[in-house]
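I have placed the structure first, in the form of structure tokens, so that the comments after it can refer back to it.
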Amino acid sequence: MLLNLIPHLINGLALGLLFALLALGFMLIIGVMEVINLAHGSLFTIGAYVALAVMAPDGGLPYAFMEPYYALPAIPRYLIALVVGPLVAGAVGMGLELCLRRTYGSDPLYGLLLTFGAALVLEELIREIWGSSEYYLPVPQQISGGFIAGNLIYSTYRIYAAVFAAGMIGVLWLFLNKTPYGAVIKAGAHDSEMVRALGYNLTRLRLLVFGFGAALAGIAGVIMAPIWGIRPVVGVDAVIPAFVIIVLGGVGSFWGAVSAGIMVGLVVALTAAFLTDWSLLSMYLLLLAVVTFRSRGLAGKSSVLEA
Amino acid sequence: MAMDYEPKQTTAWITGPIALSLVVFGTLPLWIESIGLYQYLGVEVLIWVIFALGYNLLLGYTGLPSFGHGAFLGIGAYAFGLAQFEVWPNLWFCLIAAFVVTGLFGAATALFLSHRRGIYFALMTIAFGQIYYFIASKWTDVTHGEDGLLNIARLPVDLGVVELPLAGNAQLYYLCFAVYAVLVLLLWRLTNSPYGRVLRAIKQNETRVAFVGYPVGLYKWSVFTLSCGIAGIAGALFAMAQEGAYINVMSLQWSGIIVLMVLIGGGFVSFWGPVFGVILYFVARDVLGAYTETWLLWFGLMFVVLVIFKPDGLAGMWHDLMRRVQPRPAPVTASKAEG
């Protein structure tokens, strides 16, 4: 009986780690810019659509012009998608940061409202380019399909997604904790004015961190696309669990976000196994249960954004 | 925060702008068709004005950005429909039911929110908005899910001796106008009362207000509840206008659009900001919408540009204009030093 749950647990783990990846990018942006980036879901969507354009001939690029490129085998195209998706999302994120500059120092509400407007614009732009219909991202054969082990069907792609997301989170942790760049970002999240006083170029740091956070959203979008499909509003479906994870894990806590992500993923996947219709509600119930007792989530610290 | 409402408060029940708004909205059905628009637009505008004025208590006056407020509009619409179908199809009863039920939902929600601020408040309102959206979409026995609650009647206005029908849009408009007139007088007094003063202080610096001894949590709880109750009334009127209650207004996007309307009009600096914002939104929808399918894209771009360069919206531009027309000595404020 318990064994039957294993595929669901793997699904939940994949989902949860991807949510966590999205949430970590969002938290980096909160940390250094003190901006709640409501356009984070749109950046996720952009990642997914760019991957689609790179992978599938009917994915929005002018096909005739690109014909020799689509003759490439699937694996190199997929690898290109994995790079280009986050790059484009990162570039859009940097553009957004340029717009945000005038709001620094005023009420954080303005940054939040600006990113909300940007989310609206990006979603409409995506509709303009790709239309409102749903696409599926084709992936190379090696990571699609499923296999049977001990009477249970496992989806190869979900295992790949879980491993990939876990790897990304690990690399991100190493980057933040073991490199000098990570140290500057963490210091910026703690007190950005002090970082400037120490002679770092804060303007450039903010631009790069926003781009980096956006790229993390983009890569989560590329990986999630084959699981959820691609449609203009897919970002909202992804970013809301990410918000839940941030409140649940606590703003500013790396492992808080990762463990909250895994919790949410598992809870959603397990309820989906038994009560399909209500699977997303369980996530909110978990949130209420935790937040009632721990108002800053599992591992949150007090934050400038509460003031 | 650099900008705020006029520091001066008044005890007047009627002011020039209120009288003007009553005259303009009161005569609207007489001239709206001659400028090429239609009666139903007036109904929509007034309903959203009612919703936006109530919402601005929260966003503009108290500085609490709720991103789940559309859910309460939806709850009001469902409550109105269900009260009509299941209990007593009487207009007054159903309106009060929508107000009370939505207020109760708001009060229960506010229990989780009233001690939060900033990002946690914003994210929690998103979560609650989604919870209600989700329940409304899945609890099909009550809400009929994606199909919506259909055939909600425009109940006649029962005045004891006479019954006025509301079948036509112009007739429904005058019911909305009556609600608007009562609401605008009450809200104007409320925002200019000591209670309103405390709300504005909470927006400026919550910690300081708490240190002075005000029960900040109670103020935030009560203003959230009141704002939800008003959303419930707007939802009830909306259900009558659409002759049904649908789930789409409960989505995150619609919750965001109300924020957008209030801000673009200048809800942060003026009581009238939400009114300007709603009118601009609906006129933009009809005028831009006549030229392009993607009018929301242009509206969104306008919003982004406004937040960057003129975050106090249309009302802020109006204030600047007035200042240029009749220059006065700059008021001495200490707001710079607060940071």
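Just remember, in the structure tokens the first chain shown is A, the second B, etc., residues are 1-based per chain, and ligands are 1-based in the order shown.
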
Residues of chain B within 8 Å of chain A, counting only C-alpha atoms - could you list those as number ranges by chain? B: 1-2, 65, 112, 116-120, 123-124, 126-127, 131, 134-135, 138, 205-206, 256, 260, 294, 296-298, 300-301, 303-304, 307-309, 311

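Nearest to Met55 (chain A) of all the residues A:Ala14, A:Ala89, A:Leu248, A:Ala225 is A:Ala225, counting only C-alpha atoms.
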
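Around Ala74 (chain A), within 10 Å and counting only C-alpha atoms, the residues found are Met55, Ala56, Tyr70, Ala71, Leu72, Pro76, Arg77, Tyr78, Leu79, Ile80, Pro138, Val139, Pro140, Gln141 and Gln142 of chain A, once anything fewer than 2 positions away on its own chain is removed.
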
Step one, run DSSP on the backbone; step two, keep only residues of region 92-273 of chain A assigned to helix (DSSP H, G or I); then write them as an MDAnalysis selection string. chainID A and resid 92:103 108:130 141:143 156:178 180:190 192:197 202:228 234:249 254:273

Using only C-alpha atoms, please write the residues we just selected to a file, as a short mmCIF file (atom, residue, chain, number, x, y, z; two decimals), in the first residue's frame.
data_model
loop_
_atom_site.label_atom_id
_atom_site.label_comp_id
_atom_site.auth_asym_id
_atom_site.auth_seq_id
_atom_site.Cartn_x
_atom_site.Cartn_y
_atom_site.Cartn_z
CA VAL A 92 13.39 40.86 -19.30
CA GLY A 93 13.99 40.89 -15.54
CA MET A 94 16.86 43.34 -15.99
CA GLY A 95 14.60 45.57 -18.08
CA LEU A 96 12.08 45.47 -15.27
CA GLU A 97 14.75 46.44 -12.77
CA LEU A 98 15.59 49.52 -14.88
CA CYS A 99 11.94 50.57 -14.66
CA LEU A 100 11.90 49.92 -10.92
CA ARG A 101 14.80 52.25 -10.12
CA ARG A 102 12.65 55.29 -9.57
CA THR A 103 10.63 53.51 -6.91
CA PRO A 108 7.62 49.30 -1.20
CA LEU A 109 4.01 49.31 -2.36
CA TYR A 110 5.00 51.19 -5.52
CA GLY A 111 7.50 48.55 -6.55
CA LEU A 112 4.87 45.91 -5.98
CA LEU A 113 2.31 47.80 -8.05
CA LEU A 114 4.80 48.44 -10.83
CA THR A 115 5.60 44.75 -11.11
CA PHE A 116 1.88 43.98 -11.10
CA GLY A 117 1.44 46.30 -14.08
CA ALA A 118 4.44 44.71 -15.75
CA ALA A 119 2.91 41.26 -15.23
CA LEU A 120 -0.25 42.43 -16.97
CA VAL A 121 1.74 43.85 -19.89
CA LEU A 122 3.92 40.75 -20.25
CA GLU A 123 0.91 38.43 -20.21
CA GLU A 124 -0.83 40.48 -22.90
CA LEU A 125 2.37 40.56 -24.97
CA ILE A 126 2.59 36.78 -24.76
CA ARG A 127 -1.01 36.50 -25.90
CA GLU A 128 -0.18 38.80 -28.79
CA ILE A 129 2.78 36.71 -29.91
CA TRP A 130 1.68 33.14 -29.20
CA GLN A 141 13.07 10.84 -26.02
CA GLN A 142 15.66 10.02 -23.40
CA ILE A 143 13.79 11.92 -20.70
CA THR A 156 10.91 9.52 -16.40
CA TYR A 157 10.45 13.23 -16.89
CA ARG A 158 9.31 13.84 -13.32
CA ILE A 159 12.36 12.06 -11.96
CA TYR A 160 14.54 14.10 -14.29
CA ALA A 161 12.74 17.32 -13.19
CA ALA A 162 13.23 16.49 -9.51
CA VAL A 163 16.91 15.72 -9.98
CA PHE A 164 17.48 18.78 -12.13
CA ALA A 165 15.74 21.12 -9.67
CA ALA A 166 17.60 19.60 -6.73
CA GLY A 167 20.87 20.07 -8.62
CA MET A 168 20.02 23.70 -9.38
CA ILE A 169 19.18 24.35 -5.75
CA GLY A 170 22.47 22.78 -4.71
CA VAL A 171 24.42 24.91 -7.20
CA LEU A 172 22.59 27.99 -6.02
CA TRP A 173 23.47 27.21 -2.42
CA LEU A 174 27.13 26.75 -3.32
CA PHE A 175 27.07 29.98 -5.31
CA LEU A 176 25.54 31.96 -2.45
CA ASN A 177 27.65 30.48 0.30
CA LYS A 178 30.99 29.57 -1.23
CA PRO A 180 32.61 36.01 -3.14
CA TYR A 181 29.70 37.02 -5.41
CA GLY A 182 27.32 35.12 -3.18
CA ALA A 183 28.76 36.87 -0.16
CA VAL A 184 28.06 40.27 -1.71
CA ILE A 185 24.49 39.27 -2.58
CA LYS A 186 23.87 38.01 0.94
CA ALA A 187 25.36 41.16 2.38
CA GLY A 188 23.15 43.20 0.04
CA ALA A 189 20.10 41.37 1.30
CA HIS A 190 21.13 42.14 4.85
CA SER A 192 22.21 47.16 0.85
CA GLU A 193 23.29 50.65 1.93
CA MET A 194 26.19 49.21 3.86
CA VAL A 195 27.27 47.23 0.79
CA ARG A 196 27.36 50.48 -1.14
CA ALA A 197 29.36 52.12 1.63
CA LEU A 202 24.99 48.76 -5.73
CA THR A 203 23.25 49.81 -8.96
CA ARG A 204 24.97 47.04 -10.89
CA LEU A 205 24.46 44.54 -8.08
CA ARG A 206 20.71 45.17 -8.12
CA LEU A 207 20.54 44.83 -11.90
CA LEU A 208 22.44 41.55 -11.84
CA VAL A 209 20.54 40.09 -8.90
CA PHE A 210 17.20 40.92 -10.50
CA GLY A 211 18.39 39.33 -13.72
CA PHE A 212 19.64 36.29 -11.82
CA GLY A 213 16.38 35.85 -9.90
CA ALA A 214 14.44 36.22 -13.15
CA ALA A 215 16.67 33.63 -14.82
CA LEU A 216 15.87 31.17 -12.00
CA ALA A 217 12.17 31.75 -12.71
CA GLY A 218 12.85 31.22 -16.42
CA ILE A 219 14.61 27.91 -15.87
CA ALA A 220 11.83 26.70 -13.58
CA GLY A 221 9.46 27.57 -16.44
CA VAL A 222 11.46 25.53 -18.95
CA ILE A 223 11.51 22.49 -16.68
CA MET A 224 7.85 22.79 -15.66
CA ALA A 225 6.53 23.28 -19.22
CA PRO A 226 6.28 19.58 -20.19
CA ILE A 227 4.47 18.81 -16.91
CA TRP A 228 1.89 21.59 -16.92
CA VAL A 234 0.54 29.39 -16.41
CA GLY A 235 2.75 31.79 -14.47
CA VAL A 236 -0.04 32.56 -12.02
CA ASP A 237 -0.51 28.86 -11.30
CA ALA A 238 3.17 28.57 -10.54
CA VAL A 239 3.82 31.77 -8.69
CA ILE A 240 1.00 31.39 -6.16
CA PRO A 241 2.46 28.19 -4.70
CA ALA A 242 5.78 30.04 -4.66
CA PHE A 243 4.22 32.83 -2.59
CA VAL A 244 2.72 30.26 -0.26
CA ILE A 245 6.14 28.68 0.11
CA ILE A 246 7.74 31.99 0.95
CA VAL A 247 5.23 32.77 3.68
CA LEU A 248 5.43 29.19 4.90
CA GLY A 249 9.21 28.98 4.91
CA PHE A 254 17.11 29.46 2.06
CA TRP A 255 16.41 26.12 3.71
CA GLY A 256 13.05 27.40 4.94
CA ALA A 257 12.01 27.90 1.34
CA VAL A 258 13.39 24.53 0.21
CA SER A 259 11.74 22.58 3.00
CA ALA A 260 8.47 24.49 2.59
CA GLY A 261 8.65 23.78 -1.13
CA ILE A 262 9.05 20.06 -0.55
CA MET A 263 6.23 20.09 2.02
CA VAL A 264 3.87 21.89 -0.35
CA GLY A 265 4.80 19.64 -3.27
CA LEU A 266 4.23 16.48 -1.24
CA VAL A 267 0.96 17.68 0.26
CA VAL A 268 -0.39 18.71 -3.14
CA ALA A 269 0.68 15.46 -4.80
CA LEU A 270 -0.68 13.25 -2.00
CA THR A 271 -4.07 14.97 -1.92
CA ALA A 272 -4.13 14.82 -5.70
CA ALA A 273 -3.75 11.05 -5.41
#

For Val198 (chain B), please output as a list of chain:residue names all residues within 12 Å (counting only C-alpha atoms; exclusion window: fewer than 3 positions along the same chain). B:Leu57, B:Tyr61, B:Thr62, B:Gly63, B:Leu190, B:Thr191, B:Asn192, B:Ser193, B:Pro194, B:Tyr195, B:Ala201, B:Ile202, B:Lys203, B:Gln204, B:Asn205, B:Glu206, B:Arg208, B:Val209, B:Ala210, B:Val212, B:Gly213, B:Tyr214, B:Pro215, B:Val216, B:Gly217, B:Leu218, B:Tyr219, B:Lys220, B:Val223

Please extract the residues of region 34-253 of chain B with a backbone DSSP assignment of strand (DSSP E or B) and present them as a PyMOL selection string. chain B and resi 149-150+157-158+163-164+244-245

What does the file look like for those residues with C-alpha atoms, as a PDB file, in the first residue's frame?
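Okay, again.pdb is ready:
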ATOM      1  CA  LEU B 149     -25.097  30.979 -10.605  1.00  0.00           C
ATOM      2  CA  LEU B 150     -27.534  31.827 -13.375  1.00  0.00           C
ATOM      3  CA  VAL B 157     -37.606  47.941  -5.162  1.00  0.00           C
ATOM      4  CA  ASP B 158     -40.240  47.354  -2.511  1.00  0.00           C
ATOM      5  CA  GLU B 163     -42.965  48.453  -6.167  1.00  0.00           C
ATOM      6  CA  LEU B 164     -40.524  49.896  -8.678  1.00  0.00           C
ATOM      7  CA  GLY B 244     -25.889  35.932 -12.509  1.00  0.00           C
ATOM      8  CA  ALA B 245     -22.903  35.402 -10.239  1.00  0.00           C
TER       9      ALA B 245
END

Please report the interatomic distance between CA of Ala289 (chain A) and CA of Thr125 (chain B) in Å with one decimal. 15.6 Å

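Taking CA of Glu86 (chain B) as the reference point, CA of Ala236 (chain B) is found at 15.2 Å.
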
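Atom pair CA of Ser137 (chain B) / CA of Leu82 (chain B) has a distance of 15.7 Å (rounded to one decimal).
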
Any idea what's packed within 10 Å of region 267-281 of chain B, counting only C-alpha atoms, ignoring anything in its chain fewer than 4 positions away? Could you give it as a PyMOL selection string? chain B and resi 3-6+17-18+21+41-42+44-57+59-63+184+187-188+191+257-263+285-287+296+299+311-316+318-319

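Closest approach to Ser133 (chain A) among A:Ile230, A:Val50, A:Leu9, A:Val84 is made by A:Ile230 (distances from only C-alpha atoms).
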
Can you pull out the residues contacting Pro7 (chain A)? Cut-off 8 Å, using only C-alpha atoms, and skip same-chain residues under 2 positions away; I want them as a list in words. Asn4, Leu5, Leu9, Ile10, Asn11, Leu152, Ile153, Tyr154 and Ser155 of chain A

Go ahead and save the picked residues with N, CA and C atoms, as a PDB file, in the first residue's frame.
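Okay, again-v6.pdb is ready:
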ATOM      1  N   ASN A   4       2.653   1.974  -3.147  1.00  0.00           N
ATOM      2  CA  ASN A   4       1.912   2.588  -4.249  1.00  0.00           C
ATOM      3  C   ASN A   4       2.059   4.090  -4.274  1.00  0.00           C
ATOM      4  N   LEU A   5       2.442   4.639  -3.147  1.00  0.00           N
ATOM      5  CA  LEU A   5       2.526   6.094  -3.064  1.00  0.00           C
ATOM      6  C   LEU A   5       3.800   6.635  -3.692  1.00  0.00           C
ATOM      7  N   LEU A   9       4.859  10.447  -4.565  1.00  0.00           N
ATOM      8  CA  LEU A   9       5.875  11.173  -3.813  1.00  0.00           C
ATOM      9  C   LEU A   9       6.901  11.790  -4.746  1.00  0.00           C
ATOM     10  N   ILE A  10       7.253  11.037  -5.796  1.00  0.00           N
ATOM     11  CA  ILE A  10       8.229  11.597  -6.746  1.00  0.00           C
ATOM     12  C   ILE A  10       7.634  12.803  -7.464  1.00  0.00           C
ATOM     13  N   ASN A  11       6.364  12.691  -7.871  1.00  0.00           N
ATOM     14  CA  ASN A  11       5.710  13.842  -8.494  1.00  0.00           C
ATOM     15  C   ASN A  11       5.737  15.046  -7.571  1.00  0.00           C
ATOM     16  N   LEU A 152       4.577  -0.592 -10.681  1.00  0.00           N
ATOM     17  CA  LEU A 152       4.216   0.826 -10.617  1.00  0.00           C
ATOM     18  C   LEU A 152       4.797   1.552 -11.823  1.00  0.00           C
ATOM     19  N   ILE A 153       4.013   2.519 -12.324  1.00  0.00           N
ATOM     20  CA  ILE A 153       4.494   3.291 -13.469  1.00  0.00           C
ATOM     21  C   ILE A 153       5.155   4.557 -12.967  1.00  0.00           C
ATOM     22  N   TYR A 154       6.379   4.779 -13.409  1.00  0.00           N
ATOM     23  CA  TYR A 154       7.085   5.997 -13.061  1.00  0.00           C
ATOM     24  C   TYR A 154       7.231   6.844 -14.312  1.00  0.00           C
ATOM     25  N   SER A 155       7.086   8.177 -14.130  1.00  0.00           N
ATOM     26  CA  SER A 155       7.324   9.053 -15.260  1.00  0.00           C
ATOM     27  C   SER A 155       8.785   9.476 -15.249  1.00  0.00           C
TER      28      SER A 155
END
